[in-house]
Structure formats: C-alpha cells, structure tokens
>>> print(open('entry.txt').read())   # compact mmCIF, C-alpha atoms
# COMPACT_ATOMS: atom_id res chain seq x y z
CA MET Z 1 137.95 137.33 79.64
CA ILE Z 2 138.35 133.57 80.08
CA SER Z 3 140.71 132.13 77.45
CA ALA Z 4 142.55 128.90 76.75
CA GLN Z 5 146.03 129.84 75.58
CA ILE Z 6 148.71 127.48 74.25
CA LEU Z 7 152.00 128.95 75.42
CA SER Z 8 154.18 126.45 73.55
CA PRO Z 9 153.62 122.92 72.24
CA GLN Z 10 151.80 120.84 74.88
CA THR Z 11 151.86 123.70 77.41
CA ALA Z 12 148.64 125.65 77.99
CA ASN Z 13 146.63 127.40 80.64
CA VAL Z 14 143.10 128.67 81.06
CA SER Z 15 143.35 132.22 82.34
CA ASP Z 16 141.91 135.71 82.23
CA LEU Z 17 143.23 137.64 79.21
CA PRO Z 18 142.37 141.23 78.23
CA ARG Z 19 139.33 141.66 76.03
CA PRO Z 20 140.55 142.21 72.44
CA GLN Z 21 140.38 145.68 70.92
CA LEU Z 22 138.50 146.49 67.72
CA GLY Z 23 139.72 148.29 64.65
CA PRO Z 24 137.26 150.38 62.62
CA HIS Z 25 136.30 147.48 60.31
CA ASP Z 26 136.23 144.80 63.02
CA VAL Z 27 133.48 142.86 64.78
CA LEU Z 28 133.71 141.57 68.35
CA ILE Z 29 131.95 138.21 68.74
CA GLU Z 30 130.94 136.81 72.10
CA VAL Z 31 131.70 133.13 71.52
CA LYS Z 32 129.00 130.59 72.36
CA ASN Z 33 130.40 127.40 70.82
CA ALA Z 34 133.86 126.56 69.48
CA GLY Z 35 134.97 123.23 68.05
CA ILE Z 36 138.28 121.39 68.32
CA CYS Z 37 139.70 120.55 64.91
CA GLY Z 38 142.51 118.19 63.94
CA THR Z 39 144.47 121.32 63.13
CA ASP Z 40 144.15 122.41 66.77
CA LEU Z 41 145.65 119.08 67.82
CA HIS Z 42 148.56 119.61 65.42
CA ILE Z 43 149.02 123.10 66.93
CA TRP Z 44 148.93 121.55 70.41
CA HIS Z 45 151.69 119.13 69.44
CA GLY Z 46 153.77 121.73 67.59
CA SER Z 47 153.38 120.02 64.22
CA TYR Z 48 151.48 122.74 62.35
CA ALA Z 49 153.95 125.01 60.62
CA LEU Z 50 151.68 128.08 60.36
CA ALA Z 51 150.96 128.33 64.10
CA GLN Z 52 152.48 131.18 66.11
CA TYR Z 53 152.80 130.93 69.91
CA PRO Z 54 151.57 131.97 72.40
CA LEU Z 55 148.17 131.42 70.85
CA VAL Z 56 144.50 131.21 71.73
CA PRO Z 57 143.44 128.56 69.19
CA GLY Z 58 139.97 127.91 67.82
CA HIS Z 59 138.90 128.60 64.25
CA GLU Z 60 135.48 126.88 64.31
CA PHE Z 61 133.16 129.09 66.34
CA SER Z 62 129.86 130.91 66.50
CA GLY Z 63 128.35 133.49 68.77
CA VAL Z 64 126.65 136.84 69.17
CA VAL Z 65 127.94 140.19 67.92
CA ALA Z 66 128.87 142.14 71.03
CA GLU Z 67 130.42 145.26 69.51
CA ILE Z 68 131.25 146.69 66.08
CA GLY Z 69 133.89 149.05 64.79
CA ASP Z 70 133.09 152.59 63.69
CA GLU Z 71 133.14 151.72 59.96
CA VAL Z 72 131.25 148.41 60.08
CA SER Z 73 128.37 148.81 57.65
CA THR Z 74 126.06 145.77 57.68
CA THR Z 75 126.72 143.65 60.77
CA ARG Z 76 124.62 144.57 63.79
CA VAL Z 77 125.10 144.13 67.53
CA GLY Z 78 123.06 141.15 68.72
CA GLU Z 79 123.24 139.20 65.44
CA HIS Z 80 123.97 135.48 65.62
CA VAL Z 81 127.02 134.84 63.45
CA THR Z 82 129.94 132.65 62.54
CA ALA Z 83 133.13 133.64 60.74
CA ASP Z 84 135.56 132.50 58.07
CA PRO Z 85 138.85 132.25 59.96
CA ASN Z 86 141.04 132.60 56.86
CA LEU Z 87 142.10 136.19 56.23
CA PRO Z 88 143.81 136.65 52.85
CA CYS Z 89 145.66 139.82 51.96
CA ASN Z 90 143.56 140.33 48.77
CA HIS Z 91 146.48 141.76 46.75
CA CYS Z 92 149.13 139.03 46.25
CA TYR Z 93 149.48 136.90 43.09
CA PHE Z 94 147.25 134.09 44.39
CA CYS Z 95 144.57 136.43 45.73
CA GLN Z 96 144.46 138.10 42.33
CA LYS Z 97 143.78 134.64 40.86
CA ARG Z 98 141.05 134.10 43.49
CA GLN Z 99 143.07 131.34 45.16
CA PHE Z 100 142.57 133.02 48.51
CA ASN Z 101 143.45 129.90 50.50
CA GLN Z 102 146.92 130.00 48.89
CA CYS Z 103 147.48 133.67 49.79
CA LEU Z 104 151.18 134.43 50.23
CA ASN Z 105 150.37 136.51 53.32
CA LEU Z 106 147.55 134.38 54.71
CA LYS Z 107 146.52 135.02 58.31
CA ALA Z 108 144.11 132.78 60.18
CA VAL Z 109 142.04 133.29 63.30
CA GLY Z 110 143.12 130.67 65.82
CA VAL Z 111 146.36 129.92 63.97
CA THR Z 112 148.34 133.12 63.41
CA ARG Z 113 146.18 135.30 65.68
CA ASN Z 114 144.01 134.61 68.69
CA GLY Z 115 140.90 132.58 68.04
CA GLY Z 116 137.65 131.33 69.49
CA PHE Z 117 138.74 129.39 72.57
CA ALA Z 118 137.91 132.52 74.55
CA ARG Z 119 134.92 134.56 75.67
CA TYR Z 120 135.50 137.06 72.84
CA VAL Z 121 137.16 136.98 69.43
CA VAL Z 122 137.74 139.78 66.92
CA VAL Z 123 137.36 139.29 63.16
CA PRO Z 124 137.02 141.66 60.21
CA GLU Z 125 133.45 142.34 59.14
CA SER Z 126 134.26 140.85 55.73
CA ALA Z 127 134.69 137.44 57.41
CA VAL Z 128 131.38 137.46 59.31
CA PHE Z 129 128.35 135.40 58.23
CA PRO Z 130 124.89 135.59 59.84
CA ILE Z 131 123.50 132.18 60.82
CA GLY Z 132 119.82 133.03 61.27
CA ASP Z 133 118.08 130.44 63.42
CA LEU Z 134 120.81 127.79 63.28
CA SER Z 135 121.94 126.62 66.70
CA PHE Z 136 125.33 127.86 67.88
CA ALA Z 137 126.55 124.26 68.05
CA ALA Z 138 125.64 123.62 64.41
CA ALA Z 139 126.97 126.99 63.27
CA ALA Z 140 130.36 126.24 64.83
CA MET Z 141 130.59 123.35 62.35
CA LEU Z 142 130.05 125.47 59.25
CA GLU Z 143 133.79 126.06 58.90
CA PRO Z 144 134.66 122.35 58.54
CA LEU Z 145 131.75 121.94 56.14
CA ALA Z 146 133.09 124.86 54.09
CA CYS Z 147 136.40 122.97 53.84
CA VAL Z 148 134.55 119.95 52.46
CA VAL Z 149 132.65 122.11 49.98
CA TRP Z 150 135.92 123.63 48.74
CA GLY Z 151 137.32 120.13 48.23
CA LEU Z 152 134.23 119.10 46.28
CA LYS Z 153 134.79 122.01 43.93
CA GLN Z 154 138.23 120.55 43.18
CA VAL Z 155 137.21 116.89 42.94
CA GLN Z 156 134.06 117.51 40.88
CA ILE Z 157 132.01 114.43 41.72
CA GLN Z 158 130.01 113.25 38.71
CA ALA Z 159 126.46 111.92 38.85
CA GLY Z 160 126.56 108.18 39.45
CA ASP Z 161 130.14 108.12 40.79
CA SER Z 162 131.29 105.50 43.28
CA MET Z 163 133.28 106.77 46.24
CA LEU Z 164 135.35 105.28 49.05
CA ILE Z 165 135.94 107.37 52.18
CA PHE Z 166 138.57 106.44 54.74
CA GLY Z 167 137.57 107.86 58.11
CA ALA Z 168 134.13 108.33 59.68
CA GLY Z 169 135.08 111.14 62.01
CA PRO Z 170 133.33 114.50 61.71
CA MET Z 171 135.08 115.38 58.44
CA GLY Z 172 134.43 112.01 56.83
CA LEU Z 173 130.76 112.20 57.83
CA LEU Z 174 130.45 115.73 56.45
CA MET Z 175 132.09 114.50 53.25
CA LEU Z 176 129.67 111.56 53.06
CA GLN Z 177 126.65 113.83 53.21
CA ALA Z 178 128.03 116.44 50.84
CA VAL Z 179 129.06 114.02 48.08
CA LYS Z 180 125.57 112.54 48.10
CA THR Z 181 124.20 115.99 47.26
CA ASP Z 182 126.68 116.13 44.35
CA GLY Z 183 125.29 112.93 42.86
CA ALA Z 184 127.54 110.15 44.15
CA ALA Z 185 125.52 106.92 43.79
CA GLN Z 186 127.69 104.65 45.94
CA VAL Z 187 129.54 105.86 49.04
CA VAL Z 188 131.46 103.28 51.07
CA VAL Z 189 132.89 104.38 54.43
CA ILE Z 190 135.77 102.71 56.29
CA ASP Z 191 136.55 103.26 59.97
CA ARG Z 192 137.87 101.43 63.02
CA GLU Z 193 134.88 102.23 65.26
CA GLU Z 194 131.48 100.55 64.83
CA GLY Z 195 129.65 103.48 66.46
CA ARG Z 196 130.93 105.85 63.79
CA LEU Z 197 130.04 103.39 61.04
CA LYS Z 198 126.50 103.09 62.41
CA LEU Z 199 126.11 106.87 62.17
CA ALA Z 200 127.56 106.79 58.65
CA ARG Z 201 124.83 104.36 57.62
CA GLU Z 202 122.18 106.59 59.20
CA LEU Z 203 123.56 109.54 57.22
CA GLY Z 204 123.39 107.75 53.87
CA ALA Z 205 126.43 105.51 53.39
CA THR Z 206 125.59 102.68 50.99
CA ALA Z 207 128.04 100.37 52.79
CA THR Z 208 130.36 100.55 55.79
CA VAL Z 209 133.32 98.31 56.67
CA LYS Z 210 135.50 97.99 59.75
CA ALA Z 211 139.05 98.99 58.81
CA ALA Z 212 140.47 95.69 60.07
CA ASP Z 213 138.17 93.75 57.72
CA PHE Z 214 138.69 95.80 54.57
CA ASN Z 215 140.89 94.41 51.79
CA GLN Z 216 141.26 94.30 48.02
CA ALA Z 217 138.86 91.37 47.60
CA MET Z 218 136.12 93.16 49.52
CA ALA Z 219 136.74 96.34 47.56
CA GLN Z 220 136.31 94.44 44.29
CA GLU Z 221 133.02 93.02 45.52
CA LEU Z 222 131.77 96.52 46.25
CA SER Z 223 133.13 98.13 43.07
CA PRO Z 224 134.64 95.59 40.66
CA PHE Z 225 136.71 98.03 38.59
CA GLY Z 226 137.70 100.29 41.47
CA PHE Z 227 136.16 103.46 42.85
CA ASP Z 228 135.79 106.68 40.86
CA VAL Z 229 136.94 108.67 43.89
CA VAL Z 230 138.90 107.59 46.96
CA ALA Z 231 139.13 110.15 49.77
CA ASP Z 232 141.30 110.19 52.86
CA ALA Z 233 139.72 111.90 55.87
CA THR Z 234 142.17 110.46 58.41
CA GLY Z 235 145.46 112.25 57.71
CA LEU Z 236 147.29 108.95 58.29
CA PRO Z 237 150.15 108.53 55.77
CA LYS Z 238 149.72 104.73 55.57
CA VAL Z 239 146.02 105.08 54.79
CA ILE Z 240 146.85 107.54 52.01
CA GLN Z 241 149.57 105.30 50.61
CA ASP Z 242 147.42 102.16 50.62
CA GLY Z 243 144.34 103.93 49.30
CA PHE Z 244 145.56 104.24 45.73
CA GLN Z 245 145.06 100.52 45.10
CA TYR Z 246 141.30 100.98 45.34
CA LEU Z 247 141.01 103.54 42.51
CA ARG Z 248 139.67 102.66 39.11
CA SER Z 249 141.77 103.67 36.13
CA GLY Z 250 141.05 107.35 35.51
CA GLY Z 251 140.01 107.78 39.14
CA LYS Z 252 140.71 110.61 41.56
CA PHE Z 253 142.42 110.43 44.94
CA TRP Z 254 141.30 113.22 47.26
CA VAL Z 255 143.87 114.13 49.92
CA PHE Z 256 141.76 115.83 52.55
CA GLY Z 257 143.00 114.68 55.97
CA VAL Z 258 145.77 116.74 57.58
CA ALA Z 259 148.93 114.63 57.72
CA PRO Z 260 152.03 115.79 59.63
CA ASP Z 261 153.94 118.25 57.44
CA LYS Z 262 157.06 116.06 57.34
CA ALA Z 263 155.21 112.81 56.58
CA ARG Z 264 155.96 111.03 53.29
CA VAL Z 265 154.25 108.28 51.30
CA GLU Z 266 155.46 106.07 48.46
CA ILE Z 267 153.47 105.91 45.25
CA SER Z 268 154.33 104.58 41.80
CA PRO Z 269 154.76 107.31 39.18
CA TYR Z 270 154.29 104.62 36.56
CA GLU Z 271 150.88 103.70 38.00
CA ILE Z 272 149.81 107.33 37.96
CA PHE Z 273 150.94 107.58 34.33
CA ARG Z 274 149.66 104.20 33.14
CA ARG Z 275 146.25 104.39 34.81
CA ASP Z 276 145.49 108.09 34.24
CA LEU Z 277 145.19 108.69 37.98
CA LYS Z 278 144.59 112.12 39.44
CA ILE Z 279 145.73 113.31 42.88
CA ILE Z 280 143.72 116.23 44.23
CA GLY Z 281 144.51 118.16 47.38
CA SER Z 282 142.19 120.64 49.07
CA PHE Z 283 143.52 122.97 51.72
CA ALA Z 284 141.15 124.70 54.12
CA LEU Z 285 138.37 126.59 52.35
CA ASN Z 286 138.04 129.25 49.71
CA LYS Z 287 135.01 131.52 50.01
CA THR Z 288 132.64 128.57 50.52
CA PHE Z 289 130.66 129.63 53.59
CA HIS Z 290 127.54 130.66 51.69
CA GLU Z 291 127.28 127.24 50.02
CA SER Z 292 127.74 125.52 53.37
CA ILE Z 293 125.02 127.56 55.06
CA ALA Z 294 122.69 126.80 52.13
CA LEU Z 295 123.32 123.04 52.41
CA VAL Z 296 122.50 123.04 56.12
CA LYS Z 297 119.42 125.25 55.86
CA ALA Z 298 118.09 123.03 53.05
CA GLY Z 299 118.50 119.97 55.25
CA ALA Z 300 120.97 118.35 52.85
CA VAL Z 301 123.70 118.16 55.51
CA LYS Z 302 123.04 117.48 59.19
CA LEU Z 303 125.56 118.89 61.65
CA GLU Z 304 124.29 118.34 65.18
CA PRO Z 305 124.47 114.49 65.04
CA LEU Z 306 128.22 114.91 64.56
CA ILE Z 307 128.72 116.68 67.91
CA SER Z 308 129.58 114.19 70.66
CA HIS Z 309 130.92 116.42 73.45
CA GLN Z 310 130.23 119.95 74.70
CA LEU Z 311 132.43 121.01 77.61
CA PRO Z 312 133.13 124.28 79.39
CA LEU Z 313 136.39 126.01 78.49
CA GLU Z 314 137.69 125.37 82.01
CA ARG Z 315 138.00 121.71 80.98
CA PHE Z 316 140.35 122.55 78.13
CA ALA Z 317 142.91 119.79 78.78
CA GLU Z 318 140.18 117.17 79.19
CA ALA Z 319 138.48 118.26 75.97
CA MET Z 320 141.74 118.08 74.03
CA HIS Z 321 142.29 114.58 75.39
CA PHE Z 322 138.79 113.53 74.31
CA ALA Z 323 139.34 115.00 70.84
CA GLU Z 324 142.54 113.04 70.34
CA HIS Z 325 142.08 109.79 72.23
CA ASP Z 326 138.43 108.94 72.91
CA PRO Z 327 137.49 106.28 70.31
CA ASP Z 328 133.80 107.18 70.58
CA ARG Z 329 134.17 110.92 70.12
CA LEU Z 330 133.08 112.86 67.06
CA LYS Z 331 133.21 116.64 67.21
CA VAL Z 332 134.27 117.99 70.58
CA GLN Z 333 133.17 121.55 71.27
CA PHE Z 334 133.58 124.11 74.01
CA HIS Z 335 130.31 125.63 75.15
CA LEU Z 336 130.84 129.08 76.65
CA ASP Z 337 127.82 130.18 78.64
>>> encode(input="entry.txt", output="structure tokens")
Amino acid sequence: MISAQILSPQTANVSDLPRPQLGPHDVLIEVKNAGICGTDLHIWHGSYALAQYPLVPGHEFSGVVAEIGDEVSTTRVGEHVTADPNLPCNHCYFCQKRQFNQCLNLKAVGVTRNGGFARYVVVPESAVFPIGDLSFAAAAMLEPLACVVWGLKQVQIQAGDSMLIFGAGPMGLLMLQAVKTDGAAQVVVIDREEGRLKLARELGATATVKAADFNQAMAQELSPFGFDVVADATGLPKVIQDGFQYLRSGGKFWVFGVAPDKARVEISPYEIFRRDLKIIGSFALNKTFHESIALVKAGAVKLEPLISHQLPLERFAEAMHFAEHDPDRLKVQFHLD
C-alpha cells in the first residue's frame, strides 16, 4: 500500500509498505482524507518527544471500513468513519480518574504507531466513530475540533465573556466558532495574514487585527479592563509570554498551541498571585468526538472552509512545505483516491 514514512527527522519517503494486519478487535480503514497537523510538523523536525521512528504519521483522517476483526461487534464493512487516534491503556492511575489524555501508557495513531498517511490504517473498534453523510474532508477535521472541545471543557467559557485569540490558522478558527457556541459575546482574533482574518470575520469574529498593528492601547479600546479569556493558538513562546498583559484580573490564559518541548517563557508569579490569574493547558482530546460530531452536524461549526489544500500522497514533501511555510494555507490534507 502507498505510504508516506518518516524514517528519521527530516528524512522521509513515499513507498509501498505491507498492508497492516488486524487483531480480533481491530478495524481496517481505507483512508480517503488525512490532514497535516502542527504535531506532524514537530514530528518531521524531531521536536515531538512522543514520536517513535520510523513512522507513518497522520492522526487526522477519515475513510471507509475495509475489513473488521473477528470480534468487532458494531462497526460494519463499508461504513464511513473517522477515529480517535489516542489509545489509552484504561487501567493506569490517570485512566482510572478518566484523564485518558494523561494516560501513563498512552499510545497514539500516527505518533507511536503508524497512522493515516497511507492507503490503510488499523485502529481498535473502540476508537472508531461513524460520520454519516459528512464529507471525508470535513470528517478528517473532527480530531482537531475534538481537541478544541476538550480545551473548552477546561476553560469553561461563561455567557457574555470577552475573548482574545492569537492565531487564525485552522485551530484558531475552530476555537473561534466553538467559543461562540459556548456563549462568548466578544471574540477578537489576531493574525499576521489578512486572508485568514477575513475568514475569521466571516466565521463570526467580532473584530480582527493584524498582529503587527496590535498593542496594549488597541486592546484597551476593544476591552477596557482586559479580556476574560486569552488563548494562544500559535505555539509561539513569545506570543504566549506577551499575551498575559491582555488579561483582565481574574482572567484565564488558555495554552493551546503546541510550543517546542524545550521552549520557556517568563511570567511574573506576583502578577499571577496579585491579579488572580489562571493558566489552563489542554493537551490533545479526551473522549470528545461525540460532541464534535454534534457541533458539525448542527451547523454550529463549519469545517470545509478551513481546508485550503488537498494533495495526493505522492506530493508528501510539497504538502509538508505548504503546511509549514505557505502564508495563505489553512488546513492541508492528503486526498487518497
């Protein structure tokens, strides 16, 4: 089967690998669409600690069930599905506390085992979700939306909240739409690219500002006492560090973007203490696929406008370049047909 395999950081090839074998509880999915995530770029550069090489990456995917194991009970051949790539052990301390994303033995499709940048991928039946009549392109974006939904469960947006989002890439635009469904009244989006900001306005942002033009005075005009929630969807340490100045006292800073694991920022412990600030991280997702599917099927979150490129897997290197360097790109996907 055609597969894009990273052999070591920044070394990959597109080749023919053996079709994966099923266990009794497994499902074989013929991949139709698979998206490139910031995590995949970190894996490509060797800066994602959990990755194990050689590796077929890809944890955002959708497709058609091609084969099922002998003990699969509900999934059927021919179903259109997506899958939760995070595979907790279900018996460690954190799994017992239902913190599955913090599992001490966490495995992940496309990170610790081969993923969806291939014709076929194998996942346990417990990780499979039917997508009904959603397009394969949209369904391949349910995983990033599920990450946003998990973060929202931690941040707990309140009705009428004001929010500032740094980054209008796919994740920032998913965040924008999702927080509006949670009752945020004002959502301001900051980005370097006007095209992304235009889409943010179309998707419901109350204001957008070019990053080069944004400053404390402008922030005070938009929200005089600071924002209830400030979220980073860039993963840039400087953006995270500077973002705290825009919080109101008692506000919440949502660390969502994936920064390099050795990156550091400076913050004032006194400011956190004096101003009752809260710092909230959200890693991956935690059993939030059903909520994500419901948001999309209800029309509350639009996914397809966030897809800018669909390329064949043979153009793996080109697609990775687009995903990292093209200023106009949003979500870059592989379309396997």
>>> residues_near_point(input="entry.txt", point="(133.8, 139.4, 72.0)", cutoff="7 Å", atoms="only C-alpha atoms", output="VMD selection string")
chain Z and resid 28 to 31 66 119 to 122
>>> closest_residue(input="entry.txt", among="Z:Val148, Z:Val155, Z:Ala259, Z:Ile267", to="Ala49 (chain Z)", atoms="all atoms listed in the file")
Z:Ala259
>>> closest_residue(input="entry.txt", among="Z:Ser47, Z:Thr234, Z:Asn90, Z:Ser126", to="Thr75 (chain Z)", atoms="only C-alpha atoms")
Z:Ser126
>>> closest_residue(input="entry.txt", among="Z:Ala159, Z:Val229, Z:Ile240, Z:Ile68", to="Val188 (chain Z)", atoms="all atoms listed in the file")
Z:Val229
>>> axis_aligned_box(input="entry.txt", around="region 100-114 of chain Z", padding_each_side="4 Å", output="lines of an AutoDock Vina configuration file")
center_x = 146.6
center_y = 133.2
center_z = 58.6
size_x = 17.1
size_y = 14.6
size_z = 28.2
>>> closest_atom_pairs(input="entry.txt", of="region 115-150 of chain Z", to="region 300-308 of chain Z", cutoff="10 Å", atoms="only C-alpha atoms", output="Markdown table")
| residue | atom | partner | partner_atom | distance |
| --- | --- | --- | --- | --- |
| Z:Ser135 | CA | Z:Glu304 | CA | 8.7 |
| Z:Phe136 | CA | Z:Glu304 | CA | 9.9 |
| Z:Ala137 | CA | Z:Glu304 | CA | 7.0 |
| Z:Ala138 | CA | Z:Leu303 | CA | 5.5 |
| Z:Ala139 | CA | Z:Leu303 | CA | 8.4 |
| Z:Ala140 | CA | Z:Leu303 | CA | 9.3 |
| Z:Met141 | CA | Z:Leu303 | CA | 6.8 |
| Z:Leu142 | CA | Z:Leu303 | CA | 8.3 |
| Z:Leu145 | CA | Z:Leu303 | CA | 8.8 |
>>> residues_near_point(input="entry.txt", point="(131.1, 114.2, 61.3)", cutoff="9 Å", atoms="all atoms listed in the file", output="PyMOL selection string")
chain Z and resi 168-176+196+199-200+302-307+330-331
>>> closest_residue(input="entry.txt", among="Z:Thr181, Z:Asn86, Z:Gln21, Z:Ser73", to="Gly58 (chain Z)", atoms="all atoms listed in the file")
Z:Asn86
>>> closest_residue(input="entry.txt", among="Z:Gln220, Z:Ser268, Z:Thr82, Z:Gln52", to="Asn33 (chain Z)", atoms="only C-alpha atoms")
Z:Thr82
>>> atom_distance(input="entry.txt", atom1="CA of Phe334 (chain Z)", atom2="CA of Val14 (chain Z)")
12.7 Å
>>> closest_residue(input="entry.txt", among="Z:Arg329, Z:Arg248, Z:His309, Z:His335", to="Glu193 (chain Z)", atoms="only C-alpha atoms")
Z:Arg329
>>> residues_around(input="entry.txt", residues="Asp182 (chain Z)", least_positions_apart="2", cutoff="7 Å", atoms="all atoms listed in the file", output="PyMOL selection string")
chain Z and resi 157+159+178-180+184
>>> write_last_selection(input="entry.txt", atoms="C-alpha atoms", output="PDB file, keeping the file's coordinate frame")
ATOM      1  CA  ILE Z 157     132.010 114.430  41.720  1.00  0.00           C
ATOM      2  CA  ALA Z 159     126.460 111.920  38.850  1.00  0.00           C
ATOM      3  CA  ALA Z 178     128.030 116.440  50.840  1.00  0.00           C
ATOM      4  CA  VAL Z 179     129.060 114.020  48.080  1.00  0.00           C
ATOM      5  CA  LYS Z 180     125.570 112.540  48.100  1.00  0.00           C
ATOM      6  CA  ALA Z 184     127.540 110.150  44.150  1.00  0.00           C
TER       7      ALA Z 184
END
>>> residues_around(input="entry.txt", residues="Leu87 (chain Z)", least_positions_apart="6", cutoff="9 Å", atoms="all atoms listed in the file", output="list of chain:residue names")
Z:Phe100, Z:Asn101, Z:Cys103, Z:Asn105, Z:Leu106, Z:Lys107, Z:Ala108, Z:Val109, Z:Val123, Z:Pro124, Z:Ala127
>>> residues_around(input="entry.txt", residues="Tyr93 (chain Z)", least_positions_apart="5", cutoff="9 Å", atoms="only C-alpha atoms", output="PDB file with C-alpha atoms, keeping the file's coordinate frame")
ATOM      1  CA  ARG Z  98     141.050 134.100  43.490  1.00  0.00           C
ATOM      2  CA  GLN Z  99     143.070 131.340  45.160  1.00  0.00           C
ATOM      3  CA  CYS Z 103     147.480 133.670  49.790  1.00  0.00           C
ATOM      4  CA  LEU Z 104     151.180 134.430  50.230  1.00  0.00           C
TER       5      LEU Z 104
END
>>> atom_distance(input="entry.txt", atom1="CA of Gly69 (chain Z)", atom2="CA of Asp26 (chain Z)")
5.2 Å
>>> atom_distance(input="entry.txt", atom1="CA of Leu203 (chain Z)", atom2="CA of Ala233 (chain Z)")
16.4 Å
>>> residues_around(input="entry.txt", residues="region 263-265 of chain Z", least_positions_apart="3", cutoff="7 Å", atoms="all atoms listed in the file", output="PyMOL selection string")
chain Z and resi 237+241+259-260
>>> write_last_selection(input="entry.txt", atoms="C-alpha atoms", output="short mmCIF file (atom, residue, chain, number, x, y, z; two decimals), keeping the file's coordinate frame")
data_model
loop_
_atom_site.label_atom_id
_atom_site.label_comp_id
_atom_site.auth_asym_id
_atom_site.auth_seq_id
_atom_site.Cartn_x
_atom_site.Cartn_y
_atom_site.Cartn_z
CA PRO Z 237 150.15 108.53 55.77
CA GLN Z 241 149.57 105.30 50.61
CA ALA Z 259 148.93 114.63 57.72
CA PRO Z 260 152.03 115.79 59.63
#
>>> decode(input="entry.txt", residues="region 215-271 of chain Z", atoms="C-alpha atoms", output="tab-separated table (two decimals), in the first residue's frame")
chain	number	residue	atom	x	y	z
Z	215	ASN	CA	-0.82	46.73	21.03
Z	216	GLN	CA	-1.96	47.49	24.56
Z	217	ALA	CA	-3.77	50.69	23.58
Z	218	MET	CA	-5.80	48.89	20.93
Z	219	ALA	CA	-6.57	46.08	23.34
Z	220	GLN	CA	-7.92	48.58	25.87
Z	221	GLU	CA	-10.14	50.10	23.21
Z	222	LEU	CA	-11.60	46.69	22.47
Z	223	SER	CA	-11.91	45.54	26.09
Z	224	PRO	CA	-11.06	48.31	28.58
Z	225	PHE	CA	-10.44	46.08	31.61
Z	226	GLY	CA	-8.80	43.23	29.71
Z	227	PHE	CA	-10.20	40.05	28.22
Z	228	ASP	CA	-11.88	37.31	30.24
Z	229	VAL	CA	-10.00	34.68	28.24
Z	230	VAL	CA	-6.83	34.96	26.16
Z	231	ALA	CA	-5.96	31.91	24.05
Z	232	ASP	CA	-2.79	31.07	22.17
Z	233	ALA	CA	-3.33	29.02	19.01
Z	234	THR	CA	0.14	29.69	17.57
Z	235	GLY	CA	2.51	27.72	19.80
Z	236	LEU	CA	4.97	30.63	19.64
Z	237	PRO	CA	6.63	31.19	23.05
Z	238	LYS	CA	6.83	34.99	22.58
Z	239	VAL	CA	3.12	35.19	21.79
Z	240	ILE	CA	2.34	33.22	24.93
Z	241	GLN	CA	4.64	35.36	27.06
Z	242	ASP	CA	3.25	38.66	25.76
Z	243	GLY	CA	-0.36	37.51	25.88
Z	244	PHE	CA	-0.72	37.73	29.65
Z	245	GLN	CA	-0.77	41.54	29.54
Z	246	TYR	CA	-4.15	41.45	27.82
Z	247	LEU	CA	-5.97	39.51	30.56
Z	248	ARG	CA	-8.37	41.14	32.94
Z	249	SER	CA	-7.83	40.47	36.63
Z	250	GLY	CA	-9.36	37.07	37.34
Z	251	GLY	CA	-8.95	36.10	33.69
Z	252	LYS	CA	-7.86	32.81	32.16
Z	253	PHE	CA	-4.95	32.17	29.81
Z	254	TRP	CA	-5.54	29.14	27.59
Z	255	VAL	CA	-2.32	27.49	26.38
Z	256	PHE	CA	-3.49	25.57	23.34
Z	257	GLY	CA	-0.82	25.93	20.64
Z	258	VAL	CA	1.96	23.32	20.60
Z	259	ALA	CA	5.23	25.01	21.54
Z	260	PRO	CA	8.58	23.18	21.25
Z	261	ASP	CA	9.01	20.97	24.33
Z	262	LYS	CA	12.16	22.80	25.45
Z	263	ALA	CA	10.76	26.31	24.96
Z	264	ARG	CA	10.46	28.57	28.01
Z	265	VAL	CA	8.61	31.81	28.76
Z	266	GLU	CA	8.96	34.36	31.55
Z	267	ILE	CA	5.93	35.33	33.59
Z	268	SER	CA	5.58	37.17	36.89
Z	269	PRO	CA	4.46	34.93	39.76
Z	270	TYR	CA	3.47	38.09	41.59
Z	271	GLU	CA	1.12	39.10	38.76
